[in-house]
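First the structure, in the form of structure tokens, and then the observations on it.
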Amino acid sequence: MGSSNPPASSASTALASTALSAVLVLEDGSRYVGRAYGSEGQTLGEIVFATGMTGYQETLTDPSYAGQIVLMTAPHIGNTGANDEDMESRKIWVSGFVVREPARVASNHRSTRTLDADLNAGGIVGISGIDTRAITRRIRSAGAMRSGIFSGDTFGLSDGEQLERVRAGASMRGRNLSDDVSTVEPFSIPPVGERIGSVAVLDLGVKTSTLNFLAERGFEVLVLPQSVTAEHVLSLKPSALFFSNGPGDPAASDKHVTLLREVLRAGVPYFGICFGNQLLGRALGFGTYKLPFGHRGINQPVLDKTTGKVEITSQNHGFAVDMPIEGVLESKAGFGKVEVSHYSLNDQVVEGIRCLDIDAFSVQYHPEAAAGPHDANYLFDRFRDVVVARNAAAADAGETK
Amino acid sequence: MPKRDDINSVLVIGSGPIVIGQACEFDYSGTQACRVLREEGVRVILVNSNPATIMTDPDFADATYIEPITPEILETIIAKERPDAILPTLGGQTALNAAIALHERGILEKYDVELIGASFDAINKGEDRQIFKQLVLDAGADVARSHIARTVEEAVGFADDLGYPLVVRPSFTMGGLGSGFAYTEVELRRIVGDGLHHSPTTEVLLEESILGWKEFELEMMRDRADNTVVVCSIENVDPVGVHTGDSITVAPALTLTDREFQHLRDISIDIIRAVGVDTGGCNIQFAINPADGRVIVIEMNPRVSRSSALASKATGFPIAKIAAKLAIGYRLDEIPNDITGVTPASFEPTLDYVVVKVPRFAFEKFPAADPRLTTTMKSVGEAMAIGRNYASALQKALRSLEKRGSSFHWGAENRTLDELLIECEIPTDGRIVTVQQAFRKGGTIEQLFEATKIDPWFLDQIVLINEVATAVAAAERLDIDILRHAKDHGFSDAQIGELRGFGEADVRAVRHILGLRPVFKTVDTCAGEFPALTPYHYSSYDQETEVVPSDRRKVVILGSGPNRIGQGVEFDYSCVHASFALSEAGYETIMINCNPETVSTDYDTSDRLYFEPLTLEDVLEVIHAESQSGELVGVVVQLGGQTALGLARGLEAAGIPILGTTPDAIDLAEERGLFSGILDAAGLLAPRNGVATDYAGAVVAAEEIGYPVLVRPSYVLGGRGMEIIYDSPSLADYFTRMQGQGIIGPSHPLLVDRFLDDAIEIDVDAIFDGTELYIGGVMEHIEEAGIHSGDSSCTLPPVTLGRAEIDRVREATLGIARGIGVKGLLNVQFAIGAGVLYVLEANPRASRTVPFVAKALGITLAKAAALIMVGTTIKELKAAGKLPEIDGSRVPMEAPVAVKEAVLPFNRFRTPEGLVVDSVLGPEMRSTGEVMGIDRDFPRAFAKSQLAAYGGIPLSGTVFVSVSDRDKRAIILPMLRLQQLGYEIAATVGTAEILQRNGIRARVVTKFSDKADDNDVSIVELIRREEIQIVINTPGGRTARADGYEIRAAAVAGDLPLFTTIAELSAAVASIDAIRDGFEVTSLQEYATARTALL
């Protein structure tokens, strides 16, 4: 080995400390006292747990986590530091961060800084050194809850005052967060290699990896703010439409549902991920509902009904589409026949839907992974194939004429 | 795609004897597979030569063959049983190689048997280095630059291209046997020569060095619908250069970003697909350059491995069980996850804890061996620990080793930082403690990284542990905060006591007064996402405990910890059997153990499993947690070897009921003076004996007793330093060699016993309920007294003892059992010399031979003993059919004879100069495992045992003989018979003269030390030239020692049958006739039926 220097690492000089300096308070009154981590202060949000053993940086920068305090079940977080490549958006979105063992040094050849530095820079209030498994089990039995982390000046507030603040926080049910996370200005990304067409991406909290996957499949990617109108979308004459993942309750996003219906009626092919799956469900006339504690992990088995194969998927959703997983159904909104294409093998929750009469499909999980396995990357190929087939059909039609 | 309906019977191949690189993890996987297949209604035929295993229990298969795993014997079994399929992926490299041989000889085709689990093609692609390399490159991944060499000269040529150092890896061997780093041409020639020899295909791979890179392993499973999952990622703390079996490893991988981990996962999936493992598991090893992230695929095993056992215990995902189901046609999504009960096996386990595995070595048994860790595995066992962080898991794992100095400590350190840094550069047993000391002396992470290439993150964790230690030492008083802080980082009460300057018990008392106790978390495969049904627990100093209250009567069983020489799978067998018997009797069974290779640490062996170190502190905390509900009937300590027995006193002092023989009674047997009293009372004799604290005293004692004497230091394990001394110069020599080791002194006297030359040694396993004695078996050693019982071969029933002698042995055993006050198991070693019966020692605990007795005679002593411990009588056990009416001291003439043979690890060890270590057997045990041969008479059974242990005795060729003067008379008859059987005979000059005078033609061969010049060919060269097929060499006095060593070393290096005792030679000669017309095979179930018919 040529290099005699250790890979990029930075050591903290702080001695091991036993001082307690932060508390996590849940809506049901349970309290977990630990050490302040990241920024100090107060933060409120829905507490959820994520079970991935890798990919904390991707998780933190995934806009879908906006409004949530994320607990990592993996005990050691921050070991590989942070870098620019693994950012899934421009910043950290979580409301708060709960870990058992923050790293004292960052060790990885790609690391350019510690995770602590990013948390501090982003003003993210966190807590460490608490029984994260006990909290996970609490959430599993009691469901996702409002919660708060109190450190710094707010650590000393009375238990009652802290609980009151938590209970006064916003609930995820009925909450629309799209405006918080969406791009304000539209922008575009050129295709990689041969251009097959353009895709209009409604940014409801889109991840960098998703945009890269689309561009790599030959799409010119037109990223639009969540506030755009159907008319505007159609005026761009996109070859396809894409709705991204994002935070919030799909039942509070009627305007996006309306937009989607209009564009679908115009015959534009559609692919949606996560929030985009819930919105397709609603656009087709189905309901959505909140799961007790959601699916957040990178080990979730999903069955692809078409091939009978199992995909290990990356998931991050608290809501799901309400549809029977067997049989062909009729869209109440007039889009023809619909079926569930994928479902969770853990709990039979709908994980993907497909229209049989129009070119529209979506999945509840994350084929772009980041973090997570790449088993479902093929869905981007499927999306490209739809557009390529349409191009070919159009060319044929042209020749016939 | 549910279960295939065309597979109704399966032949499962086991892994044979425990050897370094292939231990009881294959008992665990094989046992799981057998259970699963039978649950699925498949007829299971099992073959394994290892009687100590749980899988060879007749209850786990429909037909159990304890037979040598050779193509010929396998064919005989196939012809007899006509299985539909063979499952070779759960018995390690042994089973895989056997399957390849069956395929190549056309046996599979001949009997229309299908290989399941992995096809021949897949095995070949995974194991053949050249094919595998191409396949990795095709998958878009990278491999180290390499060349295949088939001769030493070819290898030297390639070295010019690759540069030194380079790696040598032979094809188709396990545990890295024959592989290593070559820094110079001399080393290259030696390692390649060795490697070519060990490789069945006479091929070695030469590779560019990736020394110091980070090493990772992924455990994969794939079904026939192409569903693939990663069960576990494992990271080696010791970087590339140390065999993964000898590395400290951690799960999950802790220093990979998601991007890097997913890259490894993608490569792994492509490889498993390309290799074509489509109904089972495999593991793939990677190296990553820490400087730039370049990834290299090192190798893959298309089968269940040691790492799979570790991964199964680490995650709760039972790889072998699932692999067996996949092999008979199920898909991953059709198999439920046992732990959650509601989710399928087609997922990837996620951990909310950290698992650390540490290897256990036995270098003290081979003082001449090179202690440097290399790519050839040298450890004999391992301990695993689970913690909620790396620091606690590491510290728990280190104390699980039960070895002095294995844990971090903060006492005086005399070495300077520079000395420590230099020591750290070479990987050895205990390097991690040296690293910790270097940090104490002011070493920086940069310096230690430079010295060790251990990832800075892991190094910082040691810094953290030192910082916590400093805080503990500096704290004004031991309050709950500082105690909790220390406990959260895995400090034991003993370590805290060391830091504070008082005893372990005091720390514990303070801690308990403060109410600080661990909670117990659950291994659940899913980080708490779903409720877990299986109570598989580990401790942590967290907030919430997950132990579910129960109102049942509980029995705690203490396991035997990491495998080591002298304490291995045999003890796990007894623990598992006790658990089964007590569970059946209605007790809630609670297992505590820390050995990931075992069946006892399978989550469904006992009602509850605690994966914890077997120290007093850790055991007391588990018992406390379990005492919060139900009724604790007591703790079983007599089945887990010395580990469990050693805890008896402490547990008793803490008021915990000990089941069976009391700690006081145990002391009666262990303490020499007390034991003499018992023998006197029973009218029994021990060999004359004395003690000495120095050389002068030893001379006096030896002369008083009379030579030869057996010397043994007290307070050592496994016969360390035990030797037979024939004269006073040898005694002086002994003291010279023992000098400075600190094992003989005023506080550690040397025990000097009369050595019974030419005596027959006898081992007895029995149970006693306070009134009645039940003999499990009377085993006659084939070697004369003086060789450790664990290393000697023995026969059951005895083949040269008369009824009267057996009756005397029985009476003596009864007297000892009564005298000690045994309740449960008892093992006694006797010697009969000149018609006198001597008692050598008695151990009121499970012995290594308990499973051998069970397989040979069908008497399950461990189960019976467990029930006796909770109050059942032998009479009741007989009435319930749990013990045969007639005990093992009376074996009918029609019964088969079983021979146990030890398997020794000499070919694993080299001196630092690259020479083989000496292979003479003695009173110090050095075997790692054993095999059993069973047949209708002794010669046949003995031949099978040799075949299973060493590949058998060649039926023609040249026998080389060189024996000490004492043995010259005894070799005449056996050598005459060998000559009649057509063997050529070669001998050193002294031995040859005796033979020739007795009419035996013998070619004279030059001794190694008498070699005149380079044209003179010594015996060592003859062995190297493969002109010798069998070696007979008995060690003589000091002068002949060096020559004997050269001969034995050459024999071991050449894998030749080597007889170092006349008794074994005679047995071998008798067996040669018997095996000329091949072997018959009989299953244990058939023997059992015949036994019932006899009664």
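Residue numbering restarts at 1 for every chain of the structure tokens, chains are lettered A, B, ... in their displayed order, and ligands are numbered from 1 as they appear.
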
Would you kindly return, as a PDB file with C-alpha atoms, in the first residue's frame, each protein, DNA or RNA residue with an atom no farther than 6 Å from any atom of Ala532 (chain B), considering only C-alpha atoms and excluding same-chain residues fewer than 3 positions away?
ATOM      1  CA  ILE B 339     -38.394 -14.965  14.884  1.00  0.00           C
ATOM      2  CA  THR B 340     -41.271 -12.712  13.872  1.00  0.00           C
ATOM      3  CA  ASP B 524     -35.006 -10.149  16.409  1.00  0.00           C
TER       4      ASP B 524
END

- Message: Taking 3 positions as the minimum chain separation for residues in the same chain, which residues sit within 10 Å of Ser30 (chain A) when counting only C-alpha atoms? Answer as a PyMOL selection string.
- Response: chain A and resi 24-27+135+138+147+163

Limited to N, CA and C atoms, could you put the picked residues into a file as a CSV table (one decimal), in the first residue's frame?
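File produced: out-v4.csv:
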chain,number,residue,atom,x,y,z
A,24,LEU,N,-35.6,13.6,25.2
A,24,LEU,CA,-36.6,13.3,24.2
A,24,LEU,C,-37.9,13.1,24.9
A,25,VAL,N,-38.9,13.8,24.5
A,25,VAL,CA,-40.2,13.7,25.1
A,25,VAL,C,-41.2,13.3,24.0
A,26,LEU,N,-42.0,12.2,24.3
A,26,LEU,CA,-43.0,11.8,23.4
A,26,LEU,C,-44.4,12.3,23.8
A,27,GLU,N,-45.3,12.3,22.9
A,27,GLU,CA,-46.7,12.8,23.1
A,27,GLU,C,-47.3,12.0,24.2
A,135,ILE,N,-37.4,3.0,22.6
A,135,ILE,CA,-38.3,4.0,21.9
A,135,ILE,C,-38.9,3.4,20.7
A,138,ARG,N,-41.7,1.3,21.6
A,138,ARG,CA,-42.8,2.2,22.0
A,138,ARG,C,-43.5,2.7,20.8
A,147,SER,N,-43.5,14.5,19.0
A,147,SER,CA,-42.4,14.4,20.0
A,147,SER,C,-41.5,15.7,20.0
A,163,LEU,N,-43.8,18.7,27.8
A,163,LEU,CA,-44.8,17.8,27.3
A,163,LEU,C,-45.9,18.7,26.6

- Item | Residue list for chain A near chain B as a ChimeraX atom specification, 8 Å, only C-alpha atoms | /A:1,3-7,9,15-16,18,51-55,73-76,79-80,86,101,104-109,130-131,133-134,136-137,140,299-301,309-312,345-347,370-374

For Glu154 (chain B), list every protein, DNA or RNA residue within 12 Å, evaluated using only C-alpha atoms, and leave out those in the same chain fewer than 4 positions away; present the list as a short mmCIF file (atom, residue, chain, number, x, y, z; two decimals) with N, CA and C atoms, in the first residue's frame.
data_model
loop_
_atom_site.label_atom_id
_atom_site.label_comp_id
_atom_site.auth_asym_id
_atom_site.auth_seq_id
_atom_site.Cartn_x
_atom_site.Cartn_y
_atom_site.Cartn_z
N HIS B 147 -1.67 -15.17 -11.10
CA HIS B 147 -1.31 -16.24 -12.04
C HIS B 147 -1.53 -17.57 -11.36
N ILE B 148 -1.85 -18.58 -12.14
CA ILE B 148 -1.94 -19.95 -11.61
C ILE B 148 -0.60 -20.63 -11.84
N ALA B 149 -0.09 -21.28 -10.79
CA ALA B 149 1.15 -22.02 -10.98
C ALA B 149 0.91 -23.49 -10.64
N ARG B 150 1.52 -24.35 -11.43
CA ARG B 150 1.38 -25.79 -11.19
C ARG B 150 2.69 -26.42 -10.73
N PHE B 158 6.56 -16.28 -12.13
CA PHE B 158 5.48 -15.30 -12.02
C PHE B 158 5.79 -14.22 -10.98
N ALA B 159 6.55 -14.58 -9.98
CA ALA B 159 6.85 -13.63 -8.91
C ALA B 159 7.56 -12.40 -9.47
N ASP B 160 8.31 -12.58 -10.57
CA ASP B 160 8.98 -11.44 -11.19
C ASP B 160 7.97 -10.40 -11.64
N ASP B 161 6.82 -10.89 -12.11
CA ASP B 161 5.79 -9.97 -12.59
C ASP B 161 5.03 -9.32 -11.44
N LEU B 188 8.70 -18.27 -0.88
CA LEU B 188 7.80 -18.61 -1.98
C LEU B 188 7.91 -20.10 -2.31
N ARG B 189 9.14 -20.57 -2.43
CA ARG B 189 9.35 -21.99 -2.77
C ARG B 189 8.72 -22.90 -1.72
N VAL B 192 4.69 -22.48 -1.79
CA VAL B 192 4.13 -23.06 -3.02
C VAL B 192 4.25 -24.58 -2.98
N GLY B 193 5.40 -25.06 -2.51
CA GLY B 193 5.59 -26.51 -2.41
C GLY B 193 4.52 -27.15 -1.54
N LEU B 196 0.95 -26.79 -3.24
CA LEU B 196 0.73 -27.75 -4.34
C LEU B 196 0.38 -29.10 -3.75
N GLU B 203 -2.65 -27.16 -7.76
CA GLU B 203 -2.60 -25.83 -8.35
C GLU B 203 -2.53 -24.80 -7.23
N VAL B 204 -1.76 -23.77 -7.43
CA VAL B 204 -1.83 -22.65 -6.50
C VAL B 204 -2.01 -21.37 -7.29
N LEU B 205 -2.64 -20.42 -6.63
CA LEU B 205 -2.83 -19.12 -7.23
C LEU B 205 -1.83 -18.16 -6.59
N LEU B 206 -1.11 -17.43 -7.42
CA LEU B 206 -0.21 -16.39 -6.91
C LEU B 206 -0.88 -15.05 -7.18
#

- Those in region 831-1077 of chain B with helix (DSSP H, G or I) from DSSP, as JSON, numbers by chain: {"B": [850, 851, 852, 853, 854, 855, 856, 857, 861, 862, 863, 864, 865, 866, 867, 868, 869, 874, 875, 876, 877, 878, 879, 906, 907, 908, 938, 939, 940, 941, 942, 943, 944, 945, 946, 947, 948, 949, 950, 965, 966, 967, 969, 970, 971, 972, 973, 974, 975, 976, 977, 978, 979, 980, 989, 990, 991, 992, 993, 994, 995, 996, 997, 1019, 1020, 1021, 1022, 1023, 1024, 1038, 1039, 1040, 1041, 1042, 1043, 1044, 1045, 1046, 1047, 1048, 1049, 1050, 1051, 1052, 1053, 1062, 1063, 1064, 1065, 1066, 1067, 1068, 1069, 1070, 1071, 1072, 1073, 1074, 1075]}

- Task: Write out as a count of residues only the residues lying within 12 Å of Phe155 (chain A), counting only C-alpha atoms and excluding same-chain residues fewer than 2 positions away.
- Result: 29

- Item | Nearest residue to Val548 (chain B) from the set B:Ser676, B:Ser927, B:Thr534, B:Ser15 (distances using only C-alpha atoms) | B:Thr534

- Message: I'd like the neighbourhood of region 385-400 of chain A as JSON, numbers by chain, where a residue qualifies if any of its atoms comes within 9 Å (using only C-alpha atoms), though same-chain residues fewer than 4 positions away should be ignored.
- Response: {"A": [196, 197, 239, 240, 269, 359, 380, 381]}

- Task: To one decimal in Å, tell me the separation between CA of Val302 (chain A) and CA of Ile353 (chain A).
- Result: 12.7 Å

- region 14-135 of chain A: residues DSSP assigns to strand (DSSP E or B), reported as a PyMOL selection string: chain A and resi 22-26+31-39+42-50+66+68-72+76-77+82+94+96-98+101-102+105+113+125-128

- Task: Excluding Leu645 (chain B) and any residue of its chain fewer than 2 positions from it, enumerate the residues within 12 Å of it, using only C-alpha atoms, and give them as a PyMOL selection string.
- Result: chain B and resi 557-561+571+614-616+635-643+647-652+658-667+670+843-846

Store the residues picked out above, limited to N, CA and C atoms, as an mmCIF file, in the first residue's frame.
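Result went into part-v4.cif, see below:
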data_model
loop_
_atom_site.group_PDB
_atom_site.id
_atom_site.type_symbol
_atom_site.label_atom_id
_atom_site.label_comp_id
_atom_site.auth_asym_id
_atom_site.auth_seq_id
_atom_site.Cartn_x
_atom_site.Cartn_y
_atom_site.Cartn_z
ATOM 1 N N ILE B 557 -28.644 -23.819 32.196
ATOM 2 C CA ILE B 557 -27.548 -24.706 31.781
ATOM 3 C C ILE B 557 -26.386 -23.841 31.320
ATOM 4 N N LEU B 558 -25.229 -24.047 31.918
ATOM 5 C CA LEU B 558 -24.051 -23.282 31.515
ATOM 6 C C LEU B 558 -23.296 -24.043 30.432
ATOM 7 N N GLY B 559 -23.063 -23.390 29.317
ATOM 8 C CA GLY B 559 -22.346 -23.999 28.195
ATOM 9 C C GLY B 559 -20.851 -24.008 28.445
ATOM 10 N N SER B 560 -20.092 -24.340 27.414
ATOM 11 C CA SER B 560 -18.656 -24.543 27.625
ATOM 12 C C SER B 560 -17.789 -23.474 26.971
ATOM 13 N N GLY B 561 -18.398 -22.397 26.470
ATOM 14 C CA GLY B 561 -17.588 -21.291 25.949
ATOM 15 C C GLY B 561 -16.879 -21.643 24.661
ATOM 16 N N PHE B 571 -18.716 -31.195 24.769
ATOM 17 C CA PHE B 571 -19.402 -30.602 25.905
ATOM 18 C C PHE B 571 -20.680 -29.924 25.451
ATOM 19 N N LEU B 614 -19.245 -16.451 29.779
ATOM 20 C CA LEU B 614 -19.430 -17.355 30.915
ATOM 21 C C LEU B 614 -18.503 -16.934 32.053
ATOM 22 N N THR B 615 -18.727 -15.726 32.557
ATOM 23 C CA THR B 615 -18.006 -15.286 33.750
ATOM 24 C C THR B 615 -19.023 -15.209 34.871
ATOM 25 N N LEU B 616 -18.536 -15.209 36.095
ATOM 26 C CA LEU B 616 -19.442 -15.196 37.240
ATOM 27 C C LEU B 616 -20.390 -13.999 37.148
ATOM 28 N N VAL B 635 -28.916 -24.541 38.729
ATOM 29 C CA VAL B 635 -28.013 -24.352 37.606
ATOM 30 C C VAL B 635 -27.242 -25.643 37.359
ATOM 31 N N VAL B 636 -27.147 -26.034 36.090
ATOM 32 C CA VAL B 636 -26.372 -27.215 35.716
ATOM 33 C C VAL B 636 -24.959 -26.767 35.371
ATOM 34 N N VAL B 637 -23.974 -27.223 36.147
ATOM 35 C CA VAL B 637 -22.589 -26.793 35.905
ATOM 36 C C VAL B 637 -21.689 -27.943 35.446
ATOM 37 N N GLN B 638 -22.178 -29.179 35.494
ATOM 38 C CA GLN B 638 -21.259 -30.288 35.256
ATOM 39 C C GLN B 638 -21.187 -30.727 33.797
ATOM 40 N N LEU B 639 -21.842 -29.975 32.892
ATOM 41 C CA LEU B 639 -21.829 -30.399 31.494
ATOM 42 C C LEU B 639 -20.985 -29.485 30.611
ATOM 43 N N GLY B 640 -20.702 -28.289 31.095
ATOM 44 C CA GLY B 640 -20.001 -27.308 30.267
ATOM 45 C C GLY B 640 -18.495 -27.315 30.466
ATOM 46 N N GLY B 641 -17.946 -28.463 30.800
ATOM 47 C CA GLY B 641 -16.491 -28.563 30.937
ATOM 48 C C GLY B 641 -15.976 -27.734 32.097
ATOM 49 N N GLN B 642 -14.681 -27.430 32.055
ATOM 50 C CA GLN B 642 -14.030 -26.701 33.132
ATOM 51 C C GLN B 642 -14.615 -25.296 33.273
ATOM 52 N N THR B 643 -15.079 -24.741 32.170
ATOM 53 C CA THR B 643 -15.665 -23.398 32.182
ATOM 54 C C THR B 643 -16.810 -23.303 33.168
ATOM 55 N N LEU B 647 -17.351 -22.097 37.700
ATOM 56 C CA LEU B 647 -18.254 -21.070 38.223
ATOM 57 C C LEU B 647 -19.062 -21.566 39.416
ATOM 58 N N ALA B 648 -18.973 -22.871 39.679
ATOM 59 C CA ALA B 648 -19.849 -23.473 40.685
ATOM 60 C C ALA B 648 -19.700 -22.812 42.058
ATOM 61 N N ARG B 649 -18.462 -22.664 42.511
ATOM 62 C CA ARG B 649 -18.221 -22.082 43.838
ATOM 63 C C ARG B 649 -18.831 -20.695 43.972
ATOM 64 N N GLY B 650 -18.563 -19.867 42.988
ATOM 65 C CA GLY B 650 -19.044 -18.488 43.030
ATOM 66 C C GLY B 650 -20.564 -18.420 43.027
ATOM 67 N N LEU B 651 -21.176 -19.281 42.252
ATOM 68 C CA LEU B 651 -22.639 -19.285 42.186
ATOM 69 C C LEU B 651 -23.209 -19.741 43.530
ATOM 70 N N GLU B 652 -22.589 -20.774 44.076
ATOM 71 C CA GLU B 652 -23.063 -21.286 45.356
ATOM 72 C C GLU B 652 -22.953 -20.203 46.426
ATOM 73 N N ILE B 658 -27.024 -25.224 43.011
ATOM 74 C CA ILE B 658 -26.286 -25.959 41.988
ATOM 75 C C ILE B 658 -26.925 -27.340 41.886
ATOM 76 N N LEU B 659 -27.268 -27.741 40.699
ATOM 77 C CA LEU B 659 -27.904 -29.049 40.522
ATOM 78 C C LEU B 659 -26.845 -30.145 40.449
ATOM 79 N N GLY B 660 -27.168 -31.293 41.027
ATOM 80 C CA GLY B 660 -26.251 -32.429 40.959
ATOM 81 C C GLY B 660 -25.121 -32.305 41.963
ATOM 82 N N THR B 661 -24.014 -32.947 41.641
ATOM 83 C CA THR B 661 -22.834 -32.975 42.501
ATOM 84 C C THR B 661 -22.525 -31.576 43.056
ATOM 85 N N THR B 662 -22.332 -31.467 44.383
ATOM 86 C CA THR B 662 -22.135 -30.148 44.994
ATOM 87 C C THR B 662 -20.719 -29.635 44.755
ATOM 88 N N PRO B 663 -20.511 -28.336 44.845
ATOM 89 C CA PRO B 663 -19.154 -27.790 44.697
ATOM 90 C C PRO B 663 -18.175 -28.395 45.698
ATOM 91 N N ASP B 664 -18.630 -28.701 46.910
ATOM 92 C CA ASP B 664 -17.742 -29.341 47.881
ATOM 93 C C ASP B 664 -17.280 -30.697 47.366
ATOM 94 N N ALA B 665 -18.231 -31.440 46.823
ATOM 95 C CA ALA B 665 -17.897 -32.765 46.317
ATOM 96 C C ALA B 665 -16.970 -32.663 45.112
ATOM 97 N N ILE B 666 -17.172 -31.636 44.295
ATOM 98 C CA ILE B 666 -16.301 -31.433 43.134
ATOM 99 C C ILE B 666 -14.865 -31.228 43.621
ATOM 100 N N ASP B 667 -14.716 -30.446 44.701
ATOM 101 C CA ASP B 667 -13.389 -30.199 45.266
ATOM 102 C C ASP B 667 -12.733 -31.481 45.754
ATOM 103 N N GLU B 670 -11.013 -32.884 42.907
ATOM 104 C CA GLU B 670 -9.980 -32.065 42.289
ATOM 105 C C GLU B 670 -8.736 -31.946 43.163
ATOM 106 N N ASN B 843 -13.220 -37.256 37.551
ATOM 107 C CA ASN B 843 -13.826 -35.949 37.311
ATOM 108 C C ASN B 843 -15.343 -36.068 37.398
ATOM 109 N N PRO B 844 -15.929 -35.400 38.374
ATOM 110 C CA PRO B 844 -17.388 -35.509 38.520
ATOM 111 C C PRO B 844 -18.097 -34.555 37.559
ATOM 112 N N ARG B 845 -17.910 -34.767 36.295
ATOM 113 C CA ARG B 845 -18.515 -33.897 35.280
ATOM 114 C C ARG B 845 -18.587 -34.650 33.962
ATOM 115 N N ALA B 846 -19.225 -34.021 32.980
ATOM 116 C CA ALA B 846 -19.288 -34.635 31.656
ATOM 117 C C ALA B 846 -17.874 -34.732 31.109
#

- For Ser178 (chain A), please output as a ChimeraX atom specification all residues within 7 Å (counting only C-alpha atoms; exclusion window: fewer than 5 positions along the same chain). /A:204-205,226,246-247

Would you save the residues from that selection as a JSON list (two decimals), in the first residue's frame, using C-alpha atoms?
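Result saved to selection.json:
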[["chain", "number", "residue", "atom", "x", "y", "z"],
["A", 204, "LEU", "CA", -42.67, 17.34, -3.98],
["A", 205, "GLY", "CA", -39.35, 16.65, -2.24],
["A", 226, "GLN", "CA", -45.01, 21.92, -6.71],
["A", 246, "GLY", "CA", -42.18, 13.94, -0.43],
["A", 247, "PRO", "CA", -43.39, 14.59, 3.08]]
